[in-house]
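Just below is one structure, and these are the notes that go with it.
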Amino acid sequence: MNDQAFTFQTLHPDTIMDALFEQGIRVDSGLTPLNSYENRVYQFQDEDRQRYVVKFYRPERWSAEQIQEEHQFAHDLLDDDVPVAAPLKFNNQTLLTHEGFYYAVFPSLGGRQFEADNIDQMEWVARYLGRIHQTGRKKAFIARPTIGIQEYLLEPRQVFETSAMIPAALKDDFLNATDKLIAAVKTCWRDDISVLRLHGDCHAGNILWRDGPLFVDLDDARMGAAVQDLWMLLNGDKAEQRMQLETIIEAYEEFSPFNSDEIALIEPLRAMRFVYYLAWLIRRWDDPAFPRNFPWLTGEDYWRSQISTFTEQVKVLQEPPLQLTPMY
């Protein structure tokens with residue numbers, strides 16, 4: 001099966017109900033879909049009025065070994081008292097199977113939205129990221145990949161070259177802009193930075209607020225530089241981002257050391273995310289959820305804007321990286 005063409009057409013409500021029943025869970029409510037394009041995630045309540053979330057993984061995106069590493073990382077974090085949504089165990093197994101699908105069941109853990117412009121909350125999140133990385137350094141992922149140029153730039157470039165979604169009149173200009181961005185990232189990229197197990201996708205949408213932060217969705221966990229879990233918390237202009245980064249690093253270092261050389265990777269990582277995200281949309285276009293939620297992807301204006309975005313990012317990469325205020 002090619003995961004790029006997989007559309008979840010065979011994942012019916014009865015299939016989900018049967019999978020849960022096999023684990024002794026009787027659904028006593030509807031299945032409420034939660035926001036997830038890559039996988040299929042549903043919240044429900046059982047006959048004892050306990051609330052759960054069930055997650056069906058997109059086939060062939062991750063292997064069983066890779067998913068199990070994600071689950072083990074979540075439980076390692078729980079063991080170290082880090083608030084994270086971790087899968088439940090059934091007969092000592094977190095990764096379950098039904099009719100060819102891998103799936104997992106989680107407790108439903110509600111919370112408010114993390115306020116990215118709240119300095120107190122940002123400091124709290126940064127302290128927990130320090131603790132997450134303490135745990136992440138204890139061992140390495142073996143099956144999961146390491147964030148790098150091949151997966152995030154070169155493979156997407158191949159997707160762009162063969163895609164019929166990019167308007168023919170813009171294709172050459174778009175590929176040229178992509179090549180310039182790749183070259184600019186390569187100039188800034190460093191392979192001598194230590195890597196560790198990361199959340200991998202630590203943006204505000206993956207942090208809930210209860211009596212403090214709750215980290216969810218380790219689906220994109222990978223090996224990588226620690227700064228990968230920090231830079232997506234930054235917002236605003238360069239001066240604002242510098243102040244935020246100083247706040248984050250100061251709180252982070254209460255629990256984990258931070259290598260300031262990694263600051264130079266922030267803009268390369270941002271550029272790599274732009275490219276990877278766009279290729280991901282193209283790869284998933286056969287899934288009906290994508291044309292329904294991203295209709296602008298078929299218009300020339302969108303692709304023209306991406307050429308401008310890539311061109312602007314090249315200019316950013318040519319500027320000096322963020323500089324922290326010297327400490328005396």
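Ligands are numbered from 1 in the order shown, residues from 1 within each chain, and chains are lettered A, B, ... in the order they appear in the structure tokens.
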Inset, instruction - Do a neighbour search on Arg157 in chain A at 10 Å with only C-alpha atoms, toss out local chain neighbours closer than 3 positions, and write the hits as a list in words. - result: Gln150, Glu151, Tyr152, Leu153, Leu154, Phe160, Glu161, Thr162, Ser163, Leu175, Thr178, Asp179, Ile182, Val275, Tyr276 and Ala279 of chain A
Please dump the current selection as a short mmCIF file (atom, residue, chain, number, x, y, z; two decimals), in the first residue's frame; keep N, CA and C atoms.
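This went into part.cif:
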data_model
loop_
_atom_site.label_atom_id
_atom_site.label_comp_id
_atom_site.auth_asym_id
_atom_site.auth_seq_id
_atom_site.Cartn_x
_atom_site.Cartn_y
_atom_site.Cartn_z
N GLN A 150 17.76 15.75 4.03
CA GLN A 150 17.23 14.76 3.09
C GLN A 150 15.71 14.67 3.16
N GLU A 151 15.18 14.45 4.37
CA GLU A 151 13.73 14.27 4.52
C GLU A 151 12.96 15.58 4.36
N TYR A 152 13.55 16.67 4.81
CA TYR A 152 12.80 17.93 4.87
C TYR A 152 12.99 18.82 3.66
N LEU A 153 14.00 18.57 2.84
CA LEU A 153 14.22 19.41 1.67
C LEU A 153 14.35 18.62 0.37
N LEU A 154 15.24 17.63 0.35
CA LEU A 154 15.53 16.95 -0.91
C LEU A 154 14.37 16.07 -1.36
N PHE A 160 7.82 18.03 -5.57
CA PHE A 160 7.46 19.21 -6.35
C PHE A 160 7.70 18.96 -7.85
N GLU A 161 8.83 18.34 -8.15
CA GLU A 161 9.21 18.16 -9.55
C GLU A 161 8.21 17.29 -10.30
N THR A 162 7.65 16.29 -9.62
CA THR A 162 6.75 15.34 -10.28
C THR A 162 5.28 15.68 -10.08
N SER A 163 4.99 16.72 -9.31
CA SER A 163 3.59 17.02 -9.00
C SER A 163 2.90 17.77 -10.14
N LEU A 175 10.33 25.79 -8.84
CA LEU A 175 11.45 24.90 -8.60
C LEU A 175 12.75 25.68 -8.43
N THR A 178 12.72 27.02 -4.99
CA THR A 178 12.99 25.91 -4.07
C THR A 178 14.48 25.59 -4.02
N ASP A 179 15.11 25.55 -5.19
CA ASP A 179 16.55 25.23 -5.25
C ASP A 179 17.38 26.30 -4.53
N ILE A 182 16.94 25.71 -0.79
CA ILE A 182 17.72 24.55 -0.35
C ILE A 182 19.19 24.91 -0.24
N VAL A 275 8.97 24.01 3.48
CA VAL A 275 9.10 23.12 2.33
C VAL A 275 8.44 21.77 2.61
N TYR A 276 8.73 21.22 3.78
CA TYR A 276 8.19 19.91 4.14
C TYR A 276 6.66 19.94 4.20
N ALA A 279 5.10 19.97 0.69
CA ALA A 279 5.18 18.64 0.06
C ALA A 279 4.20 17.68 0.72
#
Inset, instruction - Write down as JSON, numbers by chain the residues belonging to range 32-154 of chain A that are assigned alpha helix (DSSP H) by DSSP computed on the backbone. - result: {"A": [64, 65, 66, 67, 68, 69, 70, 71, 72, 73, 74, 75, 76, 77, 78, 79, 119, 120, 121, 122, 123, 124, 125, 126, 127, 128, 129, 130, 131, 132, 133, 134, 135, 136, 149]}
Inset, instruction - Would you mind listing what lies within 12 Å of range 300-311 of chain A as a PyMOL selection string, with only C-alpha atoms counted and same-chain residues fewer than 4 positions away left out? - result: chain A and resi 160+165-185+268+270-275+277-279+294-296+315-318
Only N, CA, C and O atoms, please: the residues just picked out, written as a compact mmCIF listing (two decimals), in the first residue's frame.
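Final output, saved to selection.txt:
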# COMPACT_ATOMS: atom_id res chain seq x y z
N PHE A 160 7.82 18.03 -5.57
CA PHE A 160 7.46 19.21 -6.35
C PHE A 160 7.70 18.96 -7.85
O PHE A 160 6.88 19.34 -8.69
N MET A 165 0.13 19.32 -9.48
CA MET A 165 -0.65 20.35 -8.80
C MET A 165 -0.07 21.74 -9.00
O MET A 165 -0.80 22.73 -8.94
N ILE A 166 1.23 21.82 -9.19
CA ILE A 166 1.86 23.12 -9.39
C ILE A 166 1.56 23.58 -10.82
O ILE A 166 1.85 22.86 -11.77
N PRO A 167 0.95 24.75 -10.98
CA PRO A 167 0.59 25.21 -12.33
C PRO A 167 1.80 25.21 -13.27
O PRO A 167 2.90 25.65 -12.89
N ALA A 168 1.60 24.73 -14.48
CA ALA A 168 2.71 24.59 -15.44
C ALA A 168 3.41 25.93 -15.69
O ALA A 168 4.63 25.98 -15.83
N ALA A 169 2.62 27.01 -15.72
CA ALA A 169 3.21 28.32 -16.00
C ALA A 169 4.14 28.80 -14.89
O ALA A 169 4.98 29.67 -15.11
N LEU A 170 3.99 28.21 -13.68
CA LEU A 170 4.79 28.63 -12.53
C LEU A 170 5.82 27.59 -12.11
O LEU A 170 6.62 27.84 -11.21
N LYS A 171 5.79 26.43 -12.74
CA LYS A 171 6.59 25.29 -12.27
C LYS A 171 8.08 25.62 -12.25
O LYS A 171 8.76 25.38 -11.24
N ASP A 172 8.61 26.15 -13.33
CA ASP A 172 10.05 26.44 -13.37
C ASP A 172 10.44 27.46 -12.32
O ASP A 172 11.48 27.31 -11.64
N ASP A 173 9.64 28.53 -12.19
CA ASP A 173 9.95 29.56 -11.20
C ASP A 173 9.88 29.00 -9.78
O ASP A 173 10.70 29.34 -8.92
N PHE A 174 8.90 28.13 -9.56
CA PHE A 174 8.75 27.55 -8.22
C PHE A 174 9.94 26.64 -7.90
O PHE A 174 10.49 26.70 -6.80
N LEU A 175 10.33 25.79 -8.84
CA LEU A 175 11.45 24.90 -8.60
C LEU A 175 12.75 25.68 -8.43
O LEU A 175 13.60 25.32 -7.61
N ASN A 176 12.89 26.76 -9.18
CA ASN A 176 14.07 27.60 -9.04
C ASN A 176 14.12 28.24 -7.65
O ASN A 176 15.18 28.27 -7.00
N ALA A 177 12.98 28.71 -7.16
CA ALA A 177 12.92 29.29 -5.82
C ALA A 177 13.22 28.23 -4.76
O ALA A 177 13.89 28.50 -3.76
N THR A 178 12.72 27.02 -4.99
CA THR A 178 12.99 25.91 -4.07
C THR A 178 14.48 25.59 -4.02
O THR A 178 15.05 25.41 -2.94
N ASP A 179 15.11 25.55 -5.19
CA ASP A 179 16.55 25.23 -5.25
C ASP A 179 17.38 26.30 -4.53
O ASP A 179 18.35 25.98 -3.83
N LYS A 180 16.99 27.55 -4.69
CA LYS A 180 17.73 28.62 -4.00
C LYS A 180 17.56 28.52 -2.49
O LYS A 180 18.51 28.77 -1.73
N LEU A 181 16.36 28.15 -2.07
CA LEU A 181 16.12 28.00 -0.62
C LEU A 181 16.92 26.82 -0.07
O LEU A 181 17.53 26.91 1.00
N ILE A 182 16.94 25.71 -0.79
CA ILE A 182 17.72 24.55 -0.35
C ILE A 182 19.19 24.91 -0.24
O ILE A 182 19.86 24.56 0.75
N ALA A 183 19.71 25.63 -1.22
CA ALA A 183 21.12 26.02 -1.19
C ALA A 183 21.40 26.93 0.00
O ALA A 183 22.44 26.80 0.66
N ALA A 184 20.48 27.84 0.31
CA ALA A 184 20.68 28.76 1.43
C ALA A 184 20.65 28.01 2.76
O ALA A 184 21.44 28.30 3.66
N VAL A 185 19.75 27.02 2.88
CA VAL A 185 19.70 26.22 4.11
C VAL A 185 20.98 25.42 4.27
O VAL A 185 21.55 25.34 5.36
N PRO A 268 17.01 28.04 9.47
CA PRO A 268 17.02 26.85 8.61
C PRO A 268 15.88 25.88 8.93
O PRO A 268 15.24 25.35 8.02
N ARG A 270 13.01 26.64 10.27
CA ARG A 270 11.75 27.26 9.82
C ARG A 270 11.56 27.07 8.32
O ARG A 270 10.47 26.72 7.85
N ALA A 271 12.63 27.29 7.56
CA ALA A 271 12.56 27.12 6.11
C ALA A 271 12.27 25.67 5.74
O ALA A 271 11.46 25.38 4.84
N MET A 272 12.91 24.74 6.44
CA MET A 272 12.68 23.33 6.18
C MET A 272 11.23 22.95 6.46
O MET A 272 10.64 22.14 5.73
N ARG A 273 10.65 23.55 7.49
CA ARG A 273 9.24 23.26 7.80
C ARG A 273 8.32 23.78 6.70
O ARG A 273 7.35 23.12 6.33
N PHE A 274 8.61 24.97 6.14
CA PHE A 274 7.82 25.49 5.03
C PHE A 274 7.79 24.47 3.87
O PHE A 274 6.74 24.14 3.33
N VAL A 275 8.97 24.01 3.48
CA VAL A 275 9.10 23.12 2.33
C VAL A 275 8.44 21.77 2.61
O VAL A 275 7.68 21.25 1.79
N TYR A 277 6.11 21.01 4.78
CA TYR A 277 4.66 21.14 4.91
C TYR A 277 3.98 21.18 3.54
O TYR A 277 2.97 20.51 3.31
N LEU A 278 4.55 21.91 2.62
CA LEU A 278 3.96 22.02 1.29
C LEU A 278 3.99 20.68 0.57
O LEU A 278 3.01 20.28 -0.08
N ALA A 279 5.10 19.97 0.69
CA ALA A 279 5.18 18.64 0.06
C ALA A 279 4.20 17.68 0.72
O ALA A 279 3.62 16.81 0.05
N PHE A 294 -8.20 22.43 2.21
CA PHE A 294 -7.17 23.29 1.63
C PHE A 294 -7.49 23.59 0.16
O PHE A 294 -6.66 23.36 -0.72
N PRO A 295 -8.67 24.14 -0.13
CA PRO A 295 -9.07 24.32 -1.54
C PRO A 295 -8.18 25.29 -2.30
O PRO A 295 -8.07 25.21 -3.53
N TRP A 296 -7.53 26.23 -1.58
CA TRP A 296 -6.69 27.24 -2.24
C TRP A 296 -5.45 26.64 -2.89
O TRP A 296 -4.79 27.28 -3.69
N LYS A 315 16.37 35.42 1.90
CA LYS A 315 16.92 36.67 2.43
C LYS A 315 17.12 36.58 3.94
O LYS A 315 18.14 37.04 4.47
N VAL A 316 16.16 35.99 4.63
CA VAL A 316 16.27 35.83 6.08
C VAL A 316 17.47 34.96 6.44
O VAL A 316 18.21 35.25 7.38
N LEU A 317 17.66 33.90 5.67
CA LEU A 317 18.78 32.99 5.95
C LEU A 317 20.13 33.66 5.73
O LEU A 317 21.14 33.23 6.29
N GLN A 318 20.16 34.69 4.91
CA GLN A 318 21.41 35.39 4.65
C GLN A 318 21.72 36.45 5.70
O GLN A 318 22.81 37.01 5.72
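CA of Leu218 in chain A sits 8.6 Å away from CA of Ala85 in chain A.
Between CA of Asn235 in chain A and CA of Ala74 in chain A lies a distance of 27.1 Å.
Of the listed residues (A:Ala204, A:Leu297, A:Ala143, A:Leu245), A:Ala143 comes nearest to Arg222 in chain A; the distances count only C-alpha atoms.
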Inset, instruction - Could you please write out, as a list in words, every residue of range 74-314 of chain A that DSSP assigns to strand (DSSP E)? - result: Leu96, Thr97, His98, Phe101, Tyr102, Tyr103, Ala104, Val105, Phe106, Pro107, Arg112, Gln113, Leu196, Arg197, Ile207, Leu208, Trp209, Pro213, Leu214, Phe215, Met223 and Gly224 of chain A
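Nearest to Leu322 in chain A of all the residues A:Asn293, A:Gln241, A:Ser36, A:Thr298 is A:Gln241, counting only C-alpha atoms.
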